[in-house]
Number of protein chains: 2
Amino acid sequence: MSRPLILVSNDDGITAPGIRHLVNIVRELGEVLVVAPNRPQSGMGHAITVGDTLRLKESTIFEGIQAFECSGTPADCVKMARHYVLKGKPQPDVVVSGINHGSNTSISVLYSGTMSAAIEAAIEGTPAIGFSLCDYSSEADFSHTEEVVRRITSQVISKELPRGVALNVNIPPKRNQPVKGIRVCRQANAKWVEEFDERRDPNGRRYFWMTGNFVNFDKGEDNDEWAIANNYVSVVPCQFDLTAHAAIPALNETWEILN
Amino acid sequence: MSRPLILVSNDDGITAPGIRHLVNIVRELGEVLVVAPNRPQSGMGHAITVGDTLRLKESTIFEGIQAFECSGTPADCVKMARHYVLKGKPQPDVVVSGINHGSNTSISVLYSGTMSAAIEAAIEGTPAIGFSLCDYSSEADFSHTEEVVRRITSQVISKELPRGVALNVNIPPKRNQPVKGIRVCRQANAKWVEEFDERRDPNGRRYFWMTGNFVNFDKGEDNDEWAIANNYVSVVPCQFDLTAHAAIPALNETWEILN
């Protein structure tokens, strides 16, 4: 079998340490193409660039690896890789995104640019993985992510994934004990409760910083928050069908305005 | 019963015709508060403002209605409404977003700023509806949306919604025949196939416009694409749990790297 083509993107931008780690790990597993944002795109969710132009520029940042920096969002990067850089050529066998500097567990998956790149790939029918390190420290240690990323990416390459599924992989911060293992989980029931830090600019005009506290309502042990708290790597298979299928019969039975 | 508090947002910006129509319809149904972006935010998906500041400014654009324009995304608007404007006060009974100028059927729900405002409300446990008019024409006729919006919003106020569910409501373009009715649907299996229109700026540097063709793979009659094509209003109940629950046992059975 020829070496698989691995498309790499992220949301922290092409110069972030996380994508450098990711490229260095997956280049051992196949041919690598990088298309990543030219600046941080954290919290971009599944944004795409509508009504504005896009730039794409070849980058020499990764020695021996074809790479492009894109002015758009992570989802734009995957679209440009597929439909411009690789137009008329073999498409990626797997898309990997990250390694995000910070957690994307539970509800954060919705806000995550890292995962939007992976989900965009899943929409195209390509197996995809978003990797995040649950450590916000500016000196976050990525060394323990190497084995996790290699094992999970290899597993996805050899076993593939159910069509339309992208994996949301979160890796615990480096602790004194090694990671206990890898667990398949569901998205925990948790949310952010925001606060707005109100300030005045030098002209006396009001502005805000959004801050937030994470609140976990989930008492289960089969979710990603539990896994990270207990030093396991969490793997949540994610889909792009947002339909709340269970609600369809409920609405059909109770609503009076249907026909 | 006191009049319900209805929070209105959108992604086309506070000056868009669609939000004016929406405010004029729902002000008959309750007390209205508007917090909407100060500029178009189409395609923003579930983006939030991270690592940058936010502005919020009172607006007199809607006579007799308290309104604010926000520099952030639709999801930011809902967060600021709840945790700043309404901090310590009664929270909204329902959140309505739109009326979006253009379709948000099928996969577009992921890219939709309109729906991100509704889903953000659902995360908070508030019933929410995103309304979109499937007409991209600059002279789109919104007149037939009035009855649809009033009926669906009234139904949600009186019957509520299953917790964590936001409705993605798409309204067909105005045709010679009146809308046939309202259908509860699932998200159609369809996607956009992008093309990149490559141009040169006045300095000779390359830039791109992203364009796309919508491709519908879905042959069913229970999805939102079918409904719109057949002149029905589509109502898709949406959730924010992205877990592909069916994939969990499949991964647990086939992966060799779990423990």
# chains A, B, ... in the order shown; residues from 1 in each chain; ligands from 1
>>> select_by_dssp(residues="range 2-113 of chain B", states="alpha helix (DSSP H)", output="ChimeraX atom specification")
/B:17-26,74-80,108-111,113
>>> interface_residues(of="chain A", to="chain B", cutoff="6 Å", atoms="only C-alpha atoms", output="PyMOL selection string")
chain A and resi 43-48+50+53-55+111+181-183+186-187+207-209+237-239+242-244+258-259
>>> atom_distance(atom1="CA of Ile61 in chain A", atom2="CA of Ile14 in chain A")
8.3 Å
>>> atom_distance(atom1="CA of Asp224 in chain A", atom2="CA of Ser132 in chain A")
12.1 Å
>>> atom_distance(atom1="CA of His101 in chain A", atom2="CA of Asp12 in chain A")
7.4 Å
>>> select_by_dssp(residues="range 133-232 of chain A", states="strand (DSSP E or B)", output="PyMOL selection string")
chain A and resi 133+166-171+181-184+186+190-200+206-216+223+232
>>> write_last_selection(atoms="N, CA and C atoms", output="tab-separated table (two decimals), in the first residue's frame")
chain	number	residue	atom	x	y	z
A	133	LEU	N	-4.83	19.45	23.42
A	133	LEU	CA	-4.14	19.22	24.69
A	133	LEU	C	-4.82	20.09	25.75
A	166	ALA	N	-16.15	12.30	12.65
A	166	ALA	CA	-14.85	12.90	12.97
A	166	ALA	C	-14.60	12.70	14.45
A	167	LEU	N	-13.36	12.44	14.80
A	167	LEU	CA	-13.05	12.18	16.21
A	167	LEU	C	-12.58	13.45	16.91
A	168	ASN	N	-13.15	13.70	18.08
A	168	ASN	CA	-12.70	14.79	18.94
A	168	ASN	C	-11.84	14.17	20.04
A	169	VAL	N	-10.51	14.30	19.88
A	169	VAL	CA	-9.57	13.67	20.81
A	169	VAL	C	-9.01	14.74	21.75
A	170	ASN	N	-9.20	14.55	23.03
A	170	ASN	CA	-8.60	15.44	24.03
A	170	ASN	C	-7.59	14.65	24.86
A	171	ILE	N	-6.46	15.29	25.10
A	171	ILE	CA	-5.35	14.64	25.79
A	171	ILE	C	-5.14	15.38	27.11
A	181	GLY	N	-4.75	5.66	29.58
A	181	GLY	CA	-5.20	4.93	28.40
A	181	GLY	C	-6.09	5.80	27.55
A	182	ILE	N	-6.76	5.17	26.60
A	182	ILE	CA	-7.61	5.88	25.62
A	182	ILE	C	-9.03	5.36	25.78
A	183	ARG	N	-9.99	6.26	25.91
A	183	ARG	CA	-11.39	5.86	26.09
A	183	ARG	C	-12.28	6.50	25.04
A	184	VAL	N	-13.19	5.71	24.46
A	184	VAL	CA	-14.23	6.26	23.58
A	184	VAL	C	-15.34	6.79	24.49
A	186	ARG	N	-18.77	9.84	25.18
A	186	ARG	CA	-19.73	10.80	24.64
A	186	ARG	C	-19.35	12.20	25.13
A	190	ALA	N	-22.13	19.80	29.78
A	190	ALA	CA	-21.48	20.88	30.53
A	190	ALA	C	-21.61	22.15	29.71
A	191	LYS	N	-21.38	23.28	30.32
A	191	LYS	CA	-21.42	24.53	29.54
A	191	LYS	C	-20.54	25.58	30.18
A	192	TRP	N	-20.36	26.67	29.45
A	192	TRP	CA	-19.66	27.83	29.96
A	192	TRP	C	-20.67	28.83	30.49
A	193	VAL	N	-20.39	29.41	31.65
A	193	VAL	CA	-21.20	30.52	32.15
A	193	VAL	C	-20.33	31.76	32.03
A	194	GLU	N	-20.75	32.67	31.15
A	194	GLU	CA	-19.92	33.82	30.83
A	194	GLU	C	-20.04	34.94	31.86
A	195	GLU	N	-18.94	35.67	31.94
A	195	GLU	CA	-18.97	36.96	32.62
A	195	GLU	C	-18.33	37.96	31.68
A	196	PHE	N	-18.77	39.22	31.81
A	196	PHE	CA	-18.23	40.26	30.94
A	196	PHE	C	-17.50	41.28	31.79
A	197	ASP	N	-16.21	41.36	31.57
A	197	ASP	CA	-15.32	42.25	32.31
A	197	ASP	C	-15.37	43.60	31.58
A	198	GLU	N	-16.06	44.57	32.21
A	198	GLU	CA	-16.33	45.85	31.55
A	198	GLU	C	-15.20	46.84	31.84
A	199	ARG	N	-14.68	47.47	30.79
A	199	ARG	CA	-13.59	48.42	30.97
A	199	ARG	C	-13.85	49.66	30.12
A	200	ARG	N	-13.00	50.66	30.26
A	200	ARG	CA	-13.09	51.88	29.44
A	200	ARG	C	-11.83	52.01	28.62
A	206	ARG	N	-16.84	52.34	26.49
A	206	ARG	CA	-16.96	51.04	27.14
A	206	ARG	C	-16.55	49.90	26.21
A	207	TYR	N	-15.83	48.92	26.72
A	207	TYR	CA	-15.61	47.67	25.99
A	207	TYR	C	-15.58	46.52	26.98
A	208	PHE	N	-15.56	45.31	26.46
A	208	PHE	CA	-15.71	44.12	27.29
A	208	PHE	C	-14.70	43.05	26.91
A	209	TRP	N	-14.26	42.32	27.92
A	209	TRP	CA	-13.61	41.03	27.71
A	209	TRP	C	-14.58	39.95	28.17
A	210	MET	N	-14.80	38.97	27.32
A	210	MET	CA	-15.65	37.84	27.73
A	210	MET	C	-14.79	36.83	28.50
A	211	THR	N	-15.21	36.51	29.70
A	211	THR	CA	-14.54	35.45	30.45
A	211	THR	C	-15.62	34.44	30.81
A	212	GLY	N	-15.20	33.29	31.27
A	212	GLY	CA	-16.23	32.30	31.55
A	212	GLY	C	-15.77	31.27	32.54
A	213	ASN	N	-16.75	30.68	33.21
A	213	ASN	CA	-16.47	29.56	34.09
A	213	ASN	C	-17.13	28.33	33.52
A	214	PHE	N	-16.39	27.25	33.54
A	214	PHE	CA	-16.88	25.99	32.99
A	214	PHE	C	-17.66	25.27	34.08
A	215	VAL	N	-18.88	24.85	33.76
A	215	VAL	CA	-19.73	24.17	34.73
A	215	VAL	C	-20.10	22.81	34.17
A	216	ASN	N	-19.76	21.76	34.90
A	216	ASN	CA	-20.01	20.39	34.46
A	216	ASN	C	-21.21	19.82	35.20
A	223	ASN	N	-18.14	9.97	29.75
A	223	ASN	CA	-18.04	11.21	28.97
A	223	ASN	C	-16.60	11.75	29.00
A	232	TYR	N	-7.33	9.94	31.43
A	232	TYR	CA	-7.48	9.18	30.19
A	232	TYR	C	-7.55	10.14	29.01
>>> residues_around(residues="Ser154 in chain B", least_positions_apart="6", cutoff="10 Å", atoms="only C-alpha atoms", output="list in words")
Val26, Leu29, Gly30, Val148 and Glu160 of chain B
>>> residues_around(residues="Arg175 in chain B", least_positions_apart="6", cutoff="10 Å", atoms="only C-alpha atoms", output="list in words")
Asp141, His144 and Asn231 of chain B
>>> residues_around(residues="Thr145 in chain A", least_positions_apart="5", cutoff="9 Å", atoms="only C-alpha atoms", output="VMD selection string")
chain A and resid 21 to 22 99 133 150 171 to 172 174
>>> write_last_selection(atoms="C-alpha atoms", output="PDB file, in the first residue's frame")
ATOM      1  CA  HIS A  21       4.276  18.747  16.914  1.00  0.00           C
ATOM      2  CA  LEU A  22       1.456  17.275  14.833  1.00  0.00           C
ATOM      3  CA  ILE A  99      -2.776  19.940  18.322  1.00  0.00           C
ATOM      4  CA  LEU A 133      -4.142  19.220  24.689  1.00  0.00           C
ATOM      5  CA  ARG A 150       0.610   8.317  16.514  1.00  0.00           C
ATOM      6  CA  ILE A 171      -5.347  14.642  25.795  1.00  0.00           C
ATOM      7  CA  PRO A 172      -4.887  15.309  29.524  1.00  0.00           C
ATOM      8  CA  LYS A 174       1.147  16.144  31.363  1.00  0.00           C
TER       9      LYS A 174
END
>>> decode(residues="range 74-169 of chain B", atoms="C-alpha atoms", output="PDB file, in the first residue's frame")
ATOM      1  CA  PRO B  74     -24.512  35.948  16.857  1.00  0.00           C
ATOM      2  CA  ALA B  75     -23.460  33.551  19.644  1.00  0.00           C
ATOM      3  CA  ASP B  76     -21.708  36.454  21.405  1.00  0.00           C
ATOM      4  CA  CYS B  77     -24.943  38.486  21.153  1.00  0.00           C
ATOM      5  CA  VAL B  78     -26.933  35.826  22.980  1.00  0.00           C
ATOM      6  CA  LYS B  79     -24.225  35.501  25.636  1.00  0.00           C
ATOM      7  CA  MET B  80     -24.105  39.288  26.161  1.00  0.00           C
ATOM      8  CA  ALA B  81     -27.892  39.507  26.322  1.00  0.00           C
ATOM      9  CA  ARG B  82     -28.102  36.844  29.008  1.00  0.00           C
ATOM     10  CA  HIS B  83     -25.043  37.560  31.085  1.00  0.00           C
ATOM     11  CA  TYR B  84     -24.718  41.332  30.710  1.00  0.00           C
ATOM     12  CA  VAL B  85     -27.903  43.118  29.558  1.00  0.00           C
ATOM     13  CA  LEU B  86     -30.195  40.779  31.544  1.00  0.00           C
ATOM     14  CA  LYS B  87     -27.767  39.967  34.349  1.00  0.00           C
ATOM     15  CA  GLY B  88     -29.745  39.484  37.557  1.00  0.00           C
ATOM     16  CA  LYS B  89     -33.029  40.014  35.670  1.00  0.00           C
ATOM     17  CA  PRO B  90     -35.643  37.600  34.297  1.00  0.00           C
ATOM     18  CA  GLN B  91     -34.170  35.663  31.400  1.00  0.00           C
ATOM     19  CA  PRO B  92     -35.805  35.324  27.945  1.00  0.00           C
ATOM     20  CA  ASP B  93     -38.725  32.916  27.569  1.00  0.00           C
ATOM     21  CA  VAL B  94     -37.824  32.377  23.943  1.00  0.00           C
ATOM     22  CA  VAL B  95     -35.023  33.425  21.596  1.00  0.00           C
ATOM     23  CA  VAL B  96     -35.756  34.077  17.913  1.00  0.00           C
ATOM     24  CA  SER B  97     -33.067  34.670  15.313  1.00  0.00           C
ATOM     25  CA  GLY B  98     -33.374  35.925  11.751  1.00  0.00           C
ATOM     26  CA  ILE B  99     -35.151  36.243   9.492  1.00  0.00           C
ATOM     27  CA  ASN B 100     -32.063  35.161   7.570  1.00  0.00           C
ATOM     28  CA  HIS B 101     -31.822  36.378   4.007  1.00  0.00           C
ATOM     29  CA  GLY B 102     -31.084  33.013   2.393  1.00  0.00           C
ATOM     30  CA  SER B 103     -31.499  29.320   3.099  1.00  0.00           C
ATOM     31  CA  ASN B 104     -30.149  27.464   6.132  1.00  0.00           C
ATOM     32  CA  THR B 105     -31.392  24.019   5.175  1.00  0.00           C
ATOM     33  CA  SER B 106     -29.442  20.758   5.462  1.00  0.00           C
ATOM     34  CA  ILE B 107     -25.678  21.141   6.007  1.00  0.00           C
ATOM     35  CA  SER B 108     -25.898  24.951   5.978  1.00  0.00           C
ATOM     36  CA  VAL B 109     -27.103  24.743   9.583  1.00  0.00           C
ATOM     37  CA  LEU B 110     -23.456  24.182  10.583  1.00  0.00           C
ATOM     38  CA  TYR B 111     -22.242  27.362   8.890  1.00  0.00           C
ATOM     39  CA  SER B 112     -25.225  29.437   9.938  1.00  0.00           C
ATOM     40  CA  GLY B 113     -24.804  32.373  12.270  1.00  0.00           C
ATOM     41  CA  THR B 114     -28.603  32.575  12.493  1.00  0.00           C
ATOM     42  CA  MET B 115     -28.782  29.091  13.944  1.00  0.00           C
ATOM     43  CA  SER B 116     -25.760  29.602  16.204  1.00  0.00           C
ATOM     44  CA  ALA B 117     -27.744  32.243  18.103  1.00  0.00           C
ATOM     45  CA  ALA B 118     -30.606  29.758  18.497  1.00  0.00           C
ATOM     46  CA  ILE B 119     -28.320  26.892  19.510  1.00  0.00           C
ATOM     47  CA  GLU B 120     -26.528  29.119  22.005  1.00  0.00           C
ATOM     48  CA  ALA B 121     -29.927  29.763  23.603  1.00  0.00           C
ATOM     49  CA  ALA B 122     -30.695  26.026  23.618  1.00  0.00           C
ATOM     50  CA  ILE B 123     -27.430  25.411  25.495  1.00  0.00           C
ATOM     51  CA  GLU B 124     -28.781  27.798  28.138  1.00  0.00           C
ATOM     52  CA  GLY B 125     -32.031  25.821  28.280  1.00  0.00           C
ATOM     53  CA  THR B 126     -34.117  28.483  26.501  1.00  0.00           C
ATOM     54  CA  PRO B 127     -36.495  27.503  23.673  1.00  0.00           C
ATOM     55  CA  ALA B 128     -35.147  29.019  20.479  1.00  0.00           C
ATOM     56  CA  ILE B 129     -35.961  29.329  16.798  1.00  0.00           C
ATOM     57  CA  GLY B 130     -33.844  30.362  13.824  1.00  0.00           C
ATOM     58  CA  PHE B 131     -35.913  31.619  10.864  1.00  0.00           C
ATOM     59  CA  SER B 132     -34.553  31.729   7.320  1.00  0.00           C
ATOM     60  CA  LEU B 133     -36.139  32.749   4.043  1.00  0.00           C
ATOM     61  CA  CYS B 134     -34.891  30.563   1.179  1.00  0.00           C
ATOM     62  CA  ASP B 135     -34.549  33.492  -1.208  1.00  0.00           C
ATOM     63  CA  TYR B 136     -31.194  35.114  -1.989  1.00  0.00           C
ATOM     64  CA  SER B 137     -32.690  37.813  -4.241  1.00  0.00           C
ATOM     65  CA  SER B 138     -31.890  41.361  -3.156  1.00  0.00           C
ATOM     66  CA  GLU B 139     -35.605  42.090  -3.494  1.00  0.00           C
ATOM     67  CA  ALA B 140     -36.694  39.017  -1.515  1.00  0.00           C
ATOM     68  CA  ASP B 141     -40.355  39.308  -0.509  1.00  0.00           C
ATOM     69  CA  PHE B 142     -40.770  38.630   3.224  1.00  0.00           C
ATOM     70  CA  SER B 143     -44.554  39.223   3.306  1.00  0.00           C
ATOM     71  CA  HIS B 144     -45.520  35.533   3.492  1.00  0.00           C
ATOM     72  CA  THR B 145     -43.127  34.893   6.398  1.00  0.00           C
ATOM     73  CA  GLU B 146     -45.288  36.865   8.814  1.00  0.00           C
ATOM     74  CA  GLU B 147     -47.938  34.232   9.417  1.00  0.00           C
ATOM     75  CA  VAL B 148     -45.347  31.440   9.589  1.00  0.00           C
ATOM     76  CA  VAL B 149     -43.211  33.246  12.161  1.00  0.00           C
ATOM     77  CA  ARG B 150     -46.226  34.205  14.268  1.00  0.00           C
ATOM     78  CA  ARG B 151     -47.674  30.683  14.274  1.00  0.00           C
ATOM     79  CA  ILE B 152     -44.408  28.894  15.074  1.00  0.00           C
ATOM     80  CA  THR B 153     -43.287  31.374  17.725  1.00  0.00           C
ATOM     81  CA  SER B 154     -46.725  31.244  19.392  1.00  0.00           C
ATOM     82  CA  GLN B 155     -46.629  27.455  19.329  1.00  0.00           C
ATOM     83  CA  VAL B 156     -43.188  27.389  20.964  1.00  0.00           C
ATOM     84  CA  ILE B 157     -44.317  29.883  23.624  1.00  0.00           C
ATOM     85  CA  SER B 158     -47.431  27.853  24.450  1.00  0.00           C
ATOM     86  CA  LYS B 159     -46.016  24.311  24.100  1.00  0.00           C
ATOM     87  CA  GLU B 160     -42.338  24.994  24.850  1.00  0.00           C
ATOM     88  CA  LEU B 161     -39.746  22.655  23.359  1.00  0.00           C
ATOM     89  CA  PRO B 162     -37.860  19.605  24.584  1.00  0.00           C
ATOM     90  CA  ARG B 163     -34.921  20.935  26.632  1.00  0.00           C
ATOM     91  CA  GLY B 164     -31.787  21.565  24.599  1.00  0.00           C
ATOM     92  CA  VAL B 165     -33.656  21.737  21.289  1.00  0.00           C
ATOM     93  CA  ALA B 166     -33.533  24.706  18.907  1.00  0.00           C
ATOM     94  CA  LEU B 167     -35.675  24.818  15.789  1.00  0.00           C
ATOM     95  CA  ASN B 168     -34.199  25.456  12.364  1.00  0.00           C
ATOM     96  CA  VAL B 169     -37.127  26.923  10.405  1.00  0.00           C
TER      97      VAL B 169
END
